[in-house]
>>> print(open('target-v3.pdb').read())   # PDB, N, CA, C and O atoms
MODEL        1
ATOM      1  N   MET Q1252      -5.214 -20.068   2.890
ATOM      2  CA  MET Q1252      -5.535 -21.399   3.305
ATOM      3  C   MET Q1252      -6.701 -21.342   4.283
ATOM      4  O   MET Q1252      -6.666 -20.586   5.249
ATOM      5  N   ASN Q1253      -7.730 -22.088   4.054
ATOM      6  CA  ASN Q1253      -8.873 -22.192   4.966
ATOM      7  C   ASN Q1253      -8.734 -23.456   5.795
ATOM      8  O   ASN Q1253      -8.450 -24.522   5.257
ATOM      9  N   ILE Q1254      -8.953 -23.306   7.096
ATOM     10  CA  ILE Q1254      -8.830 -24.463   7.979
ATOM     11  C   ILE Q1254      -9.867 -24.349   9.086
ATOM     12  O   ILE Q1254     -10.079 -23.267   9.637
ATOM     13  N   PRO Q1255     -10.560 -25.431   9.388
ATOM     14  CA  PRO Q1255     -11.548 -25.399  10.473
ATOM     15  C   PRO Q1255     -10.873 -25.133  11.826
ATOM     16  O   PRO Q1255      -9.749 -25.560  12.067
ATOM     17  N   VAL Q1256     -11.567 -24.413  12.695
ATOM     18  CA  VAL Q1256     -11.036 -24.097  14.016
ATOM     19  C   VAL Q1256     -10.679 -25.373  14.765
ATOM     20  O   VAL Q1256      -9.635 -25.444  15.432
ATOM     21  N   SER Q1257     -11.514 -26.400  14.653
ATOM     22  CA  SER Q1257     -11.241 -27.649  15.374
ATOM     23  C   SER Q1257      -9.916 -28.279  14.938
ATOM     24  O   SER Q1257      -9.189 -28.833  15.749
ATOM     25  N   ASP Q1258      -9.569 -28.168  13.653
ATOM     26  CA  ASP Q1258      -8.293 -28.692  13.163
ATOM     27  C   ASP Q1258      -7.135 -27.768  13.541
ATOM     28  O   ASP Q1258      -6.010 -28.227  13.749
ATOM     29  N   ALA Q1259      -7.403 -26.476  13.613
ATOM     30  CA  ALA Q1259      -6.349 -25.502  13.894
ATOM     31  C   ALA Q1259      -5.805 -25.639  15.305
ATOM     32  O   ALA Q1259      -4.650 -25.282  15.566
ATOM     33  N   LYS Q1260      -6.603 -26.156  16.224
ATOM     34  CA  LYS Q1260      -6.159 -26.288  17.609
ATOM     35  C   LYS Q1260      -4.856 -27.076  17.711
ATOM     36  O   LYS Q1260      -3.949 -26.701  18.436
ATOM     37  N   GLY Q1261      -4.755 -28.154  16.988
ATOM     38  CA  GLY Q1261      -3.562 -28.985  17.036
ATOM     39  C   GLY Q1261      -2.430 -28.496  16.146
ATOM     40  O   GLY Q1261      -1.304 -28.969  16.245
ATOM     41  N   LEU Q1262      -2.726 -27.570  15.257
ATOM     42  CA  LEU Q1262      -1.735 -27.097  14.290
ATOM     43  C   LEU Q1262      -1.317 -25.655  14.524
ATOM     44  O   LEU Q1262      -0.707 -25.039  13.652
ATOM     45  N   LEU Q1263      -1.641 -25.107  15.682
ATOM     46  CA  LEU Q1263      -1.444 -23.678  15.907
ATOM     47  C   LEU Q1263      -0.005 -23.238  15.673
ATOM     48  O   LEU Q1263       0.242 -22.234  14.997
ATOM     49  N   THR Q1264       0.956 -23.969  16.183
ATOM     50  CA  THR Q1264       2.360 -23.587  16.013
ATOM     51  C   THR Q1264       2.724 -23.520  14.534
ATOM     52  O   THR Q1264       3.347 -22.558  14.081
ATOM     53  N   ASP Q1265       2.322 -24.519  13.774
ATOM     54  CA  ASP Q1265       2.606 -24.533  12.342
ATOM     55  C   ASP Q1265       1.871 -23.400  11.625
ATOM     56  O   ASP Q1265       2.442 -22.744  10.751
ATOM     57  N   LEU Q1266       0.631 -23.145  11.998
ATOM     58  CA  LEU Q1266      -0.143 -22.079  11.353
ATOM     59  C   LEU Q1266       0.467 -20.710  11.634
ATOM     60  O   LEU Q1266       0.537 -19.856  10.742
ATOM     61  N   VAL Q1267       0.919 -20.490  12.853
ATOM     62  CA  VAL Q1267       1.569 -19.214  13.188
ATOM     63  C   VAL Q1267       2.851 -19.053  12.380
ATOM     64  O   VAL Q1267       3.138 -17.980  11.850
ATOM     65  N   ARG Q1268       3.621 -20.101  12.268
ATOM     66  CA  ARG Q1268       4.855 -20.050  11.477
ATOM     67  C   ARG Q1268       4.541 -19.707  10.017
ATOM     68  O   ARG Q1268       5.233 -18.898   9.398
ATOM     69  N   ARG Q1269       3.512 -20.296   9.478
ATOM     70  CA  ARG Q1269       3.131 -20.019   8.089
ATOM     71  C   ARG Q1269       2.668 -18.571   7.926
ATOM     72  O   ARG Q1269       2.996 -17.913   6.937
ATOM     73  N   ALA Q1270       1.925 -18.070   8.913
ATOM     74  CA  ALA Q1270       1.482 -16.673   8.866
ATOM     75  C   ALA Q1270       2.679 -15.729   8.933
ATOM     76  O   ALA Q1270       2.709 -14.706   8.243
ATOM     77  N   GLU Q1271       3.671 -16.071   9.736
ATOM     78  CA  GLU Q1271       4.889 -15.255   9.828
ATOM     79  C   GLU Q1271       5.594 -15.153   8.479
ATOM     80  O   GLU Q1271       6.232 -14.149   8.185
ATOM     81  N   HIS Q1272       5.471 -16.174   7.682
ATOM     82  CA  HIS Q1272       6.120 -16.195   6.371
ATOM     83  C   HIS Q1272       5.229 -15.651   5.257
ATOM     84  O   HIS Q1272       5.515 -15.829   4.079
ATOM     85  N   GLY Q1273       4.122 -15.028   5.635
ATOM     86  CA  GLY Q1273       3.294 -14.328   4.646
ATOM     87  C   GLY Q1273       2.054 -15.048   4.176
ATOM     88  O   GLY Q1273       1.287 -14.499   3.398
ATOM     89  N   GLU Q1274       1.834 -16.249   4.625
ATOM     90  CA  GLU Q1274       0.635 -16.970   4.187
ATOM     91  C   GLU Q1274      -0.579 -16.456   4.954
ATOM     92  O   GLU Q1274      -0.501 -16.150   6.136
ATOM     93  N   ASP Q1275      -1.693 -16.334   4.275
ATOM     94  CA  ASP Q1275      -2.938 -15.869   4.883
ATOM     95  C   ASP Q1275      -3.734 -17.095   5.338
ATOM     96  O   ASP Q1275      -4.127 -17.921   4.518
ATOM     97  N   ILE Q1276      -3.952 -17.232   6.629
ATOM     98  CA  ILE Q1276      -4.652 -18.386   7.198
ATOM     99  C   ILE Q1276      -6.040 -17.926   7.635
ATOM    100  O   ILE Q1276      -6.172 -17.006   8.445
ATOM    101  N   VAL Q1277      -7.077 -18.556   7.116
ATOM    102  CA  VAL Q1277      -8.453 -18.227   7.483
ATOM    103  C   VAL Q1277      -9.019 -19.392   8.285
ATOM    104  O   VAL Q1277      -9.020 -20.533   7.822
ATOM    105  N   LEU Q1278      -9.482 -19.090   9.487
ATOM    106  CA  LEU Q1278     -10.103 -20.112  10.330
ATOM    107  C   LEU Q1278     -11.604 -20.106  10.072
ATOM    108  O   LEU Q1278     -12.231 -19.055  10.012
ATOM    109  N   THR Q1279     -12.154 -21.296   9.923
ATOM    110  CA  THR Q1279     -13.581 -21.416   9.614
ATOM    111  C   THR Q1279     -14.296 -22.197  10.707
ATOM    112  O   THR Q1279     -13.706 -23.028  11.396
ATOM    113  N   ARG Q1280     -15.567 -21.893  10.851
ATOM    114  CA  ARG Q1280     -16.434 -22.646  11.752
ATOM    115  C   ARG Q1280     -17.698 -22.974  10.954
ATOM    116  O   ARG Q1280     -18.365 -22.069  10.462
ATOM    117  N   HIS Q1281     -17.976 -24.243  10.799
ATOM    118  CA  HIS Q1281     -19.127 -24.710  10.008
ATOM    119  C   HIS Q1281     -19.097 -24.132   8.597
ATOM    120  O   HIS Q1281     -20.108 -23.725   8.045
ATOM    121  N   GLY Q1282     -17.889 -24.058   8.024
ATOM    122  CA  GLY Q1282     -17.747 -23.596   6.647
ATOM    123  C   GLY Q1282     -17.721 -22.087   6.472
ATOM    124  O   GLY Q1282     -17.530 -21.600   5.362
ATOM    125  N   ARG Q1283     -17.925 -21.323   7.559
ATOM    126  CA  ARG Q1283     -17.922 -19.850   7.477
ATOM    127  C   ARG Q1283     -16.607 -19.309   8.020
ATOM    128  O   ARG Q1283     -16.143 -19.729   9.076
ATOM    129  N   ALA Q1284     -16.026 -18.360   7.323
ATOM    130  CA  ALA Q1284     -14.796 -17.727   7.798
ATOM    131  C   ALA Q1284     -15.109 -16.919   9.051
ATOM    132  O   ALA Q1284     -16.059 -16.137   9.077
ATOM    133  N   VAL Q1285     -14.325 -17.147  10.126
ATOM    134  CA  VAL Q1285     -14.580 -16.443  11.382
ATOM    135  C   VAL Q1285     -13.362 -15.681  11.888
ATOM    136  O   VAL Q1285     -13.499 -14.771  12.703
ATOM    137  N   ALA Q1286     -12.162 -16.040  11.461
ATOM    138  CA  ALA Q1286     -10.955 -15.352  11.926
ATOM    139  C   ALA Q1286      -9.858 -15.517  10.886
ATOM    140  O   ALA Q1286      -9.914 -16.414  10.048
ATOM    141  N   ARG Q1287      -8.863 -14.653  10.992
ATOM    142  CA  ARG Q1287      -7.753 -14.710  10.047
ATOM    143  C   ARG Q1287      -6.445 -14.562  10.814
ATOM    144  O   ARG Q1287      -6.316 -13.722  11.693
ATOM    145  N   LEU Q1288      -5.477 -15.386  10.476
ATOM    146  CA  LEU Q1288      -4.135 -15.284  11.030
ATOM    147  C   LEU Q1288      -3.237 -14.692   9.956
ATOM    148  O   LEU Q1288      -3.128 -15.240   8.860
ATOM    149  N   VAL Q1289      -2.628 -13.574  10.258
ATOM    150  CA  VAL Q1289      -1.680 -12.952   9.327
ATOM    151  C   VAL Q1289      -0.461 -12.508  10.125
ATOM    152  O   VAL Q1289      -0.568 -12.156  11.303
ATOM    153  N   GLY Q1290       0.676 -12.524   9.505
ATOM    154  CA  GLY Q1290       1.896 -12.071  10.162
ATOM    155  C   GLY Q1290       1.860 -10.567  10.365
ATOM    156  O   GLY Q1290       1.223  -9.833   9.611
ATOM    157  N   ILE Q1291       2.540 -10.112  11.387
ATOM    158  CA  ILE Q1291       2.628  -8.679  11.659
ATOM    159  C   ILE Q1291       3.829  -8.134  10.910
ATOM    160  O   ILE Q1291       4.949  -8.619  11.060
ATOM    161  N   VAL Q1292       3.577  -7.119  10.116
ATOM    162  CA  VAL Q1292       4.639  -6.491   9.341
ATOM    163  C   VAL Q1292       5.255  -5.381  10.189
ATOM    164  O   VAL Q1292       4.544  -4.542  10.731
ATOM    165  N   LYS Q1293       6.574  -5.415  10.294
ATOM    166  CA  LYS Q1293       7.260  -4.391  11.084
ATOM    167  C   LYS Q1293       7.070  -3.040  10.420
ATOM    168  O   LYS Q1293       7.337  -2.872   9.234
ATOM    169  N   GLN Q1294       6.600  -2.070  11.194
ATOM    170  CA  GLN Q1294       6.405  -0.721  10.687
ATOM    171  C   GLN Q1294       7.707   0.063  10.818
ATOM    172  O   GLN Q1294       8.359   0.010  11.853
ATOM    173  N   PRO Q1295       8.084   0.806   9.771
ATOM    174  CA  PRO Q1295       9.307   1.599   9.869
ATOM    175  C   PRO Q1295       9.134   2.725  10.888
ATOM    176  O   PRO Q1295       8.029   3.232  11.077
ATOM    177  N   SER Q1296      10.220   3.100  11.516
ATOM    178  CA  SER Q1296      10.161   4.174  12.509
ATOM    179  C   SER Q1296       9.938   5.511  11.802
ATOM    180  O   SER Q1296      10.113   5.632  10.586
ATOM    181  N   GLN Q1297       9.592   6.506  12.577
ATOM    182  CA  GLN Q1297       9.362   7.834  12.008
ATOM    183  C   GLN Q1297      10.642   8.357  11.368
ATOM    184  O   GLN Q1297      10.600   8.979  10.303
ATOM    185  N   ALA Q1298      11.776   8.105  11.988
ATOM    186  CA  ALA Q1298      13.052   8.553  11.416
ATOM    187  C   ALA Q1298      13.324   7.866  10.080
ATOM    188  O   ALA Q1298      13.802   8.512   9.129
ATOM    189  N   ASP Q1299      13.017   6.564   9.976
ATOM    190  CA  ASP Q1299      13.206   5.845   8.713
ATOM    191  C   ASP Q1299      12.298   6.403   7.618
ATOM    192  O   ASP Q1299      12.718   6.558   6.475
ATOM    193  N   ARG Q1300      11.037   6.684   7.979
ATOM    194  CA  ARG Q1300      10.101   7.250   6.992
ATOM    195  C   ARG Q1300      10.578   8.629   6.532
ATOM    196  O   ARG Q1300      10.522   8.947   5.343
ATOM    197  N   ARG Q1301      11.049   9.440   7.477
ATOM    198  CA  ARG Q1301      11.518  10.785   7.126
ATOM    199  C   ARG Q1301      12.734  10.702   6.204
ATOM    200  O   ARG Q1301      12.825  11.439   5.224
ATOM    201  N   THR Q1302      13.661   9.790   6.487
ATOM    202  CA  THR Q1302      14.833   9.613   5.640
ATOM    203  C   THR Q1302      14.427   9.214   4.224
ATOM    204  O   THR Q1302      14.948   9.741   3.240
ATOM    205  N   LEU Q1303      13.481   8.281   4.122
ATOM    206  CA  LEU Q1303      13.001   7.845   2.811
ATOM    207  C   LEU Q1303      12.334   8.991   2.055
ATOM    208  O   LEU Q1303      12.595   9.203   0.871
ATOM    209  N   LEU Q1304      11.469   9.750   2.736
ATOM    210  CA  LEU Q1304      10.804  10.877   2.076
ATOM    211  C   LEU Q1304      11.806  11.921   1.603
ATOM    212  O   LEU Q1304      11.675  12.455   0.496
ATOM    213  N   ASN Q1305      12.795  12.217   2.420
ATOM    214  CA  ASN Q1305      13.809  13.193   2.011
ATOM    215  C   ASN Q1305      14.585  12.703   0.798
ATOM    216  O   ASN Q1305      14.905  13.483  -0.102
ATOM    217  N   ALA Q1306      14.888  11.417   0.749
ATOM    218  CA  ALA Q1306      15.598  10.852  -0.406
ATOM    219  C   ALA Q1306      14.744  10.947  -1.671
ATOM    220  O   ALA Q1306      15.249  11.295  -2.744
ATOM    221  N   VAL Q1307      13.456  10.652  -1.556
ATOM    222  CA  VAL Q1307      12.557  10.732  -2.713
ATOM    223  C   VAL Q1307      12.442  12.176  -3.194
ATOM    224  O   VAL Q1307      12.475  12.452  -4.395
ATOM    225  N   ARG Q1308      12.312  13.104  -2.255
ATOM    226  CA  ARG Q1308      12.225  14.526  -2.638
ATOM    227  C   ARG Q1308      13.499  14.984  -3.337
ATOM    228  O   ARG Q1308      13.451  15.699  -4.343
ATOM    229  N   ALA Q1309      14.655  14.592  -2.810
ATOM    230  CA  ALA Q1309      15.928  14.986  -3.416
ATOM    231  C   ALA Q1309      16.055  14.408  -4.827
ATOM    232  O   ALA Q1309      16.516  15.092  -5.751
ATOM    233  N   GLU Q1310      15.635  13.162  -4.998
ATOM    234  CA  GLU Q1310      15.694  12.546  -6.320
ATOM    235  C   GLU Q1310      14.765  13.274  -7.295
ATOM    236  O   GLU Q1310      15.108  13.494  -8.452
ATOM    237  N   GLY Q1311      13.587  13.657  -6.815
ATOM    238  CA  GLY Q1311      12.655  14.404  -7.659
ATOM    239  C   GLY Q1311      13.225  15.751  -8.075
ATOM    240  O   GLY Q1311      13.104  16.163  -9.232
ATOM    241  N   ARG Q1312      13.870  16.453  -7.125
ATOM    242  CA  ARG Q1312      14.482  17.737  -7.455
ATOM    243  C   ARG Q1312      15.594  17.569  -8.484
ATOM    244  O   ARG Q1312      15.760  18.387  -9.382
ATOM    245  N   ALA Q1313      16.357  16.485  -8.354
ATOM    246  CA  ALA Q1313      17.469  16.247  -9.283
ATOM    247  C   ALA Q1313      16.959  15.945 -10.690
ATOM    248  O   ALA Q1313      17.616  16.293 -11.680
ATOM    249  N   LYS Q1314      15.803  15.327 -10.810
ATOM    250  CA  LYS Q1314      15.257  14.967 -12.127
ATOM    251  C   LYS Q1314      14.407  16.065 -12.747
ATOM    252  O   LYS Q1314      14.095  16.011 -13.930
ATOM    253  N   ALA Q1315      14.011  17.055 -11.955
ATOM    254  CA  ALA Q1315      13.105  18.102 -12.444
ATOM    255  C   ALA Q1315      13.785  18.929 -13.528
ATOM    256  O   ALA Q1315      14.970  19.243 -13.449
ATOM    257  N   THR Q1316      13.030  19.245 -14.561
ATOM    258  CA  THR Q1316      13.525  20.121 -15.625
ATOM    259  C   THR Q1316      12.563  21.276 -15.771
ATOM    260  O   THR Q1316      11.371  21.159 -15.477
ATOM    261  N   SER Q1317      13.085  22.376 -16.220
ATOM    262  CA  SER Q1317      12.199  23.521 -16.419
ATOM    263  C   SER Q1317      11.470  23.344 -17.746
ATOM    264  O   SER Q1317      12.049  22.938 -18.744
ATOM    265  N   GLY Q1318      10.214  23.611 -17.724
ATOM    266  CA  GLY Q1318       9.394  23.470 -18.917
ATOM    267  C   GLY Q1318       8.747  24.794 -19.269
ATOM    268  O   GLY Q1318       9.138  25.846 -18.743
ATOM    269  N   PRO Q1319       7.765  24.763 -20.148
ATOM    270  CA  PRO Q1319       7.100  26.013 -20.511
ATOM    271  C   PRO Q1319       6.342  26.581 -19.311
ATOM    272  O   PRO Q1319       5.945  25.855 -18.409
ATOM    273  N   SER Q1320       6.159  27.869 -19.342
ATOM    274  CA  SER Q1320       5.436  28.539 -18.267
ATOM    275  C   SER Q1320       3.998  28.053 -18.229
ATOM    276  O   SER Q1320       3.334  27.949 -19.264
ATOM    277  N   GLY Q1321       3.516  27.720 -17.052
ATOM    278  CA  GLY Q1321       2.159  27.203 -16.909
ATOM    279  C   GLY Q1321       1.083  28.211 -17.252
ATOM    280  O   GLY Q1321      -0.007  27.855 -17.684
ATOM    281  N   ASP Q1322       1.363  29.500 -17.103
ATOM    282  CA  ASP Q1322       0.334  30.503 -17.378
ATOM    283  C   ASP Q1322       0.087  30.692 -18.872
ATOM    284  O   ASP Q1322      -0.905  31.286 -19.265
ATOM    285  N   ARG Q1323       0.962  30.178 -19.725
ATOM    286  CA  ARG Q1323       0.778  30.321 -21.168
ATOM    287  C   ARG Q1323       0.657  28.971 -21.876
ATOM    288  O   ARG Q1323       0.526  28.918 -23.092
ATOM    289  N   SER Q1324       0.670  27.887 -21.145
ATOM    290  CA  SER Q1324       0.781  26.576 -21.769
ATOM    291  C   SER Q1324      -0.451  26.135 -22.540
ATOM    292  O   SER Q1324      -0.352  25.277 -23.385
ATOM    293  N   GLN Q1325      -1.627  26.707 -22.261
ATOM    294  CA  GLN Q1325      -2.828  26.248 -22.951
ATOM    295  C   GLN Q1325      -3.542  27.362 -23.700
ATOM    296  O   GLN Q1325      -4.736  27.293 -23.952
ATOM    297  N   ASP Q1326      -2.785  28.374 -24.087
ATOM    298  CA  ASP Q1326      -3.378  29.487 -24.820
ATOM    299  C   ASP Q1326      -3.973  29.053 -26.151
ATOM    300  O   ASP Q1326      -4.905  29.675 -26.649
ATOM    301  N   PHE Q1327      -3.457  27.979 -26.742
ATOM    302  CA  PHE Q1327      -3.957  27.531 -28.038
ATOM    303  C   PHE Q1327      -5.414  27.076 -27.975
ATOM    304  O   PHE Q1327      -6.086  26.965 -28.996
ATOM    305  N   LEU Q1328      -5.941  26.848 -26.784
ATOM    306  CA  LEU Q1328      -7.328  26.404 -26.644
ATOM    307  C   LEU Q1328      -8.330  27.557 -26.715
ATOM    308  O   LEU Q1328      -9.523  27.330 -26.841
ATOM    309  N   TYR Q1329      -7.844  28.809 -26.650
ATOM    310  CA  TYR Q1329      -8.731  29.970 -26.568
ATOM    311  C   TYR Q1329      -8.411  30.974 -27.662
ATOM    312  O   TYR Q1329      -7.277  31.104 -28.107
ATOM    313  N   ASP Q1330      -9.435  31.732 -28.060
ATOM    314  CA  ASP Q1330      -9.202  32.772 -29.056
ATOM    315  C   ASP Q1330      -8.757  34.075 -28.389
ATOM    316  O   ASP Q1330      -8.514  34.097 -27.178
ATOM    317  N   GLU Q1331      -8.687  35.170 -29.175
ATOM    318  CA  GLU Q1331      -8.199  36.436 -28.653
ATOM    319  C   GLU Q1331      -9.093  36.998 -27.545
ATOM    320  O   GLU Q1331      -8.638  37.791 -26.705
ATOM    321  N   ASP Q1332     -10.373  36.628 -27.550
ATOM    322  CA  ASP Q1332     -11.319  37.155 -26.552
ATOM    323  C   ASP Q1332     -11.387  36.264 -25.302
ATOM    324  O   ASP Q1332     -12.185  36.524 -24.397
ATOM    325  N   GLY Q1333     -10.573  35.211 -25.243
ATOM    326  CA  GLY Q1333     -10.554  34.337 -24.078
ATOM    327  C   GLY Q1333     -11.643  33.268 -24.102
ATOM    328  O   GLY Q1333     -11.879  32.602 -23.103
ATOM    329  N   LEU Q1334     -12.303  33.103 -25.249
ATOM    330  CA  LEU Q1334     -13.353  32.083 -25.383
ATOM    331  C   LEU Q1334     -12.763  30.812 -25.989
ATOM    332  O   LEU Q1334     -11.793  30.877 -26.741
ATOM    333  N   PRO Q1335     -13.366  29.671 -25.697
ATOM    334  CA  PRO Q1335     -12.850  28.439 -26.286
ATOM    335  C   PRO Q1335     -12.852  28.505 -27.795
ATOM    336  O   PRO Q1335     -13.802  29.001 -28.412
ATOM    337  N   ALA Q1336     -11.769  28.033 -28.399
ATOM    338  CA  ALA Q1336     -11.619  28.082 -29.856
ATOM    339  C   ALA Q1336     -12.430  27.011 -30.540
ATOM    340  O   ALA Q1336     -12.784  26.014 -30.062
TER     341      ALA Q1336
ENDMDL
END
>>> encode(input="target-v3.pdb", output="structure tokens")
Amino acid sequence: MNIPVSDAKGLLTDLVRRAEHGEDIVLTRHGRAVARLVGIVKQPSQADRRTLLNAVRAEGRAKATSGPSGDRSQDFLYDEDGLPA
């Protein structure tokens, strides 16, 4: 939402409330964007991030399957002398 600074003066409480709910408010002066009101997103704590990362890693380990050996997986691309086929 674009709104002139002169109009925003009287609507500040409403504009802040809207920004808190995720709306992007752009303040304009003479038709040019000069400022933006956006809500502050709560950042997760370091402990919360670590817990999430550990859960993702554990899930990845649980889903991992053994596949062909990586050192032999692309031998079909080369001939006996190691040159591209």
>>> axis_aligned_box(input="target-v3.pdb", around="stretch 1265-1274 of chain Q", padding_each_side="3 Å", output="JSON")
{"center_x": 2.8, "center_y": -19.3, "center_z": 8.6, "size_x": 12.8, "size_y": 16.4, "size_z": 16.4}
>>> closest_residue(input="target-v3.pdb", among="Q:Lys1314, Q:Ile1254, Q:Val1307, Q:Ala1270", to="Q:Leu1288", atoms="all atoms listed in the file")
Q:Ala1270
>>> select_by_dssp(input="target-v3.pdb", residues="chain Q", states="alpha helix (DSSP H)", output="ChimeraX atom specification")
/Q:1256-1271,1297-1314
>>> write_last_selection(input="target-v3.pdb", atoms="N, CA, C and O atoms", output="CSV table (one decimal), in the coordinates of the input")
chain,number,residue,atom,x,y,z
Q,1256,VAL,N,-11.6,-24.4,12.7
Q,1256,VAL,CA,-11.0,-24.1,14.0
Q,1256,VAL,C,-10.7,-25.4,14.8
Q,1256,VAL,O,-9.6,-25.4,15.4
Q,1257,SER,N,-11.5,-26.4,14.7
Q,1257,SER,CA,-11.2,-27.6,15.4
Q,1257,SER,C,-9.9,-28.3,14.9
Q,1257,SER,O,-9.2,-28.8,15.7
Q,1258,ASP,N,-9.6,-28.2,13.7
Q,1258,ASP,CA,-8.3,-28.7,13.2
Q,1258,ASP,C,-7.1,-27.8,13.5
Q,1258,ASP,O,-6.0,-28.2,13.7
Q,1259,ALA,N,-7.4,-26.5,13.6
Q,1259,ALA,CA,-6.3,-25.5,13.9
Q,1259,ALA,C,-5.8,-25.6,15.3
Q,1259,ALA,O,-4.6,-25.3,15.6
Q,1260,LYS,N,-6.6,-26.2,16.2
Q,1260,LYS,CA,-6.2,-26.3,17.6
Q,1260,LYS,C,-4.9,-27.1,17.7
Q,1260,LYS,O,-3.9,-26.7,18.4
Q,1261,GLY,N,-4.8,-28.2,17.0
Q,1261,GLY,CA,-3.6,-29.0,17.0
Q,1261,GLY,C,-2.4,-28.5,16.1
Q,1261,GLY,O,-1.3,-29.0,16.2
Q,1262,LEU,N,-2.7,-27.6,15.3
Q,1262,LEU,CA,-1.7,-27.1,14.3
Q,1262,LEU,C,-1.3,-25.7,14.5
Q,1262,LEU,O,-0.7,-25.0,13.7
Q,1263,LEU,N,-1.6,-25.1,15.7
Q,1263,LEU,CA,-1.4,-23.7,15.9
Q,1263,LEU,C,0.0,-23.2,15.7
Q,1263,LEU,O,0.2,-22.2,15.0
Q,1264,THR,N,1.0,-24.0,16.2
Q,1264,THR,CA,2.4,-23.6,16.0
Q,1264,THR,C,2.7,-23.5,14.5
Q,1264,THR,O,3.3,-22.6,14.1
Q,1265,ASP,N,2.3,-24.5,13.8
Q,1265,ASP,CA,2.6,-24.5,12.3
Q,1265,ASP,C,1.9,-23.4,11.6
Q,1265,ASP,O,2.4,-22.7,10.8
Q,1266,LEU,N,0.6,-23.1,12.0
Q,1266,LEU,CA,-0.1,-22.1,11.4
Q,1266,LEU,C,0.5,-20.7,11.6
Q,1266,LEU,O,0.5,-19.9,10.7
Q,1267,VAL,N,0.9,-20.5,12.9
Q,1267,VAL,CA,1.6,-19.2,13.2
Q,1267,VAL,C,2.9,-19.1,12.4
Q,1267,VAL,O,3.1,-18.0,11.8
Q,1268,ARG,N,3.6,-20.1,12.3
Q,1268,ARG,CA,4.9,-20.0,11.5
Q,1268,ARG,C,4.5,-19.7,10.0
Q,1268,ARG,O,5.2,-18.9,9.4
Q,1269,ARG,N,3.5,-20.3,9.5
Q,1269,ARG,CA,3.1,-20.0,8.1
Q,1269,ARG,C,2.7,-18.6,7.9
Q,1269,ARG,O,3.0,-17.9,6.9
Q,1270,ALA,N,1.9,-18.1,8.9
Q,1270,ALA,CA,1.5,-16.7,8.9
Q,1270,ALA,C,2.7,-15.7,8.9
Q,1270,ALA,O,2.7,-14.7,8.2
Q,1271,GLU,N,3.7,-16.1,9.7
Q,1271,GLU,CA,4.9,-15.3,9.8
Q,1271,GLU,C,5.6,-15.2,8.5
Q,1271,GLU,O,6.2,-14.1,8.2
Q,1297,GLN,N,9.6,6.5,12.6
Q,1297,GLN,CA,9.4,7.8,12.0
Q,1297,GLN,C,10.6,8.4,11.4
Q,1297,GLN,O,10.6,9.0,10.3
Q,1298,ALA,N,11.8,8.1,12.0
Q,1298,ALA,CA,13.1,8.6,11.4
Q,1298,ALA,C,13.3,7.9,10.1
Q,1298,ALA,O,13.8,8.5,9.1
Q,1299,ASP,N,13.0,6.6,10.0
Q,1299,ASP,CA,13.2,5.8,8.7
Q,1299,ASP,C,12.3,6.4,7.6
Q,1299,ASP,O,12.7,6.6,6.5
Q,1300,ARG,N,11.0,6.7,8.0
Q,1300,ARG,CA,10.1,7.2,7.0
Q,1300,ARG,C,10.6,8.6,6.5
Q,1300,ARG,O,10.5,8.9,5.3
Q,1301,ARG,N,11.0,9.4,7.5
Q,1301,ARG,CA,11.5,10.8,7.1
Q,1301,ARG,C,12.7,10.7,6.2
Q,1301,ARG,O,12.8,11.4,5.2
Q,1302,THR,N,13.7,9.8,6.5
Q,1302,THR,CA,14.8,9.6,5.6
Q,1302,THR,C,14.4,9.2,4.2
Q,1302,THR,O,14.9,9.7,3.2
Q,1303,LEU,N,13.5,8.3,4.1
Q,1303,LEU,CA,13.0,7.8,2.8
Q,1303,LEU,C,12.3,9.0,2.1
Q,1303,LEU,O,12.6,9.2,0.9
Q,1304,LEU,N,11.5,9.8,2.7
Q,1304,LEU,CA,10.8,10.9,2.1
Q,1304,LEU,C,11.8,11.9,1.6
Q,1304,LEU,O,11.7,12.5,0.5
Q,1305,ASN,N,12.8,12.2,2.4
Q,1305,ASN,CA,13.8,13.2,2.0
Q,1305,ASN,C,14.6,12.7,0.8
Q,1305,ASN,O,14.9,13.5,-0.1
Q,1306,ALA,N,14.9,11.4,0.7
Q,1306,ALA,CA,15.6,10.9,-0.4
Q,1306,ALA,C,14.7,10.9,-1.7
Q,1306,ALA,O,15.2,11.3,-2.7
Q,1307,VAL,N,13.5,10.7,-1.6
Q,1307,VAL,CA,12.6,10.7,-2.7
Q,1307,VAL,C,12.4,12.2,-3.2
Q,1307,VAL,O,12.5,12.5,-4.4
Q,1308,ARG,N,12.3,13.1,-2.3
Q,1308,ARG,CA,12.2,14.5,-2.6
Q,1308,ARG,C,13.5,15.0,-3.3
Q,1308,ARG,O,13.5,15.7,-4.3
Q,1309,ALA,N,14.7,14.6,-2.8
Q,1309,ALA,CA,15.9,15.0,-3.4
Q,1309,ALA,C,16.1,14.4,-4.8
Q,1309,ALA,O,16.5,15.1,-5.8
Q,1310,GLU,N,15.6,13.2,-5.0
Q,1310,GLU,CA,15.7,12.5,-6.3
Q,1310,GLU,C,14.8,13.3,-7.3
Q,1310,GLU,O,15.1,13.5,-8.5
Q,1311,GLY,N,13.6,13.7,-6.8
Q,1311,GLY,CA,12.7,14.4,-7.7
Q,1311,GLY,C,13.2,15.8,-8.1
Q,1311,GLY,O,13.1,16.2,-9.2
Q,1312,ARG,N,13.9,16.5,-7.1
Q,1312,ARG,CA,14.5,17.7,-7.5
Q,1312,ARG,C,15.6,17.6,-8.5
Q,1312,ARG,O,15.8,18.4,-9.4
Q,1313,ALA,N,16.4,16.5,-8.4
Q,1313,ALA,CA,17.5,16.2,-9.3
Q,1313,ALA,C,17.0,15.9,-10.7
Q,1313,ALA,O,17.6,16.3,-11.7
Q,1314,LYS,N,15.8,15.3,-10.8
Q,1314,LYS,CA,15.3,15.0,-12.1
Q,1314,LYS,C,14.4,16.1,-12.7
Q,1314,LYS,O,14.1,16.0,-13.9
>>> atom_distance(input="target-v3.pdb", atom1="atom C of Q:Pro1295", atom2="atom C of Q:Leu1266")
25.0 Å
>>> resolve_selection(input="target-v3.pdb", expression="the PyMOL selection byres ((chain Q and resi 1290) around 8)", output="number ranges by chain")
Q: 1266-1276, 1287-1289, 1291-1293
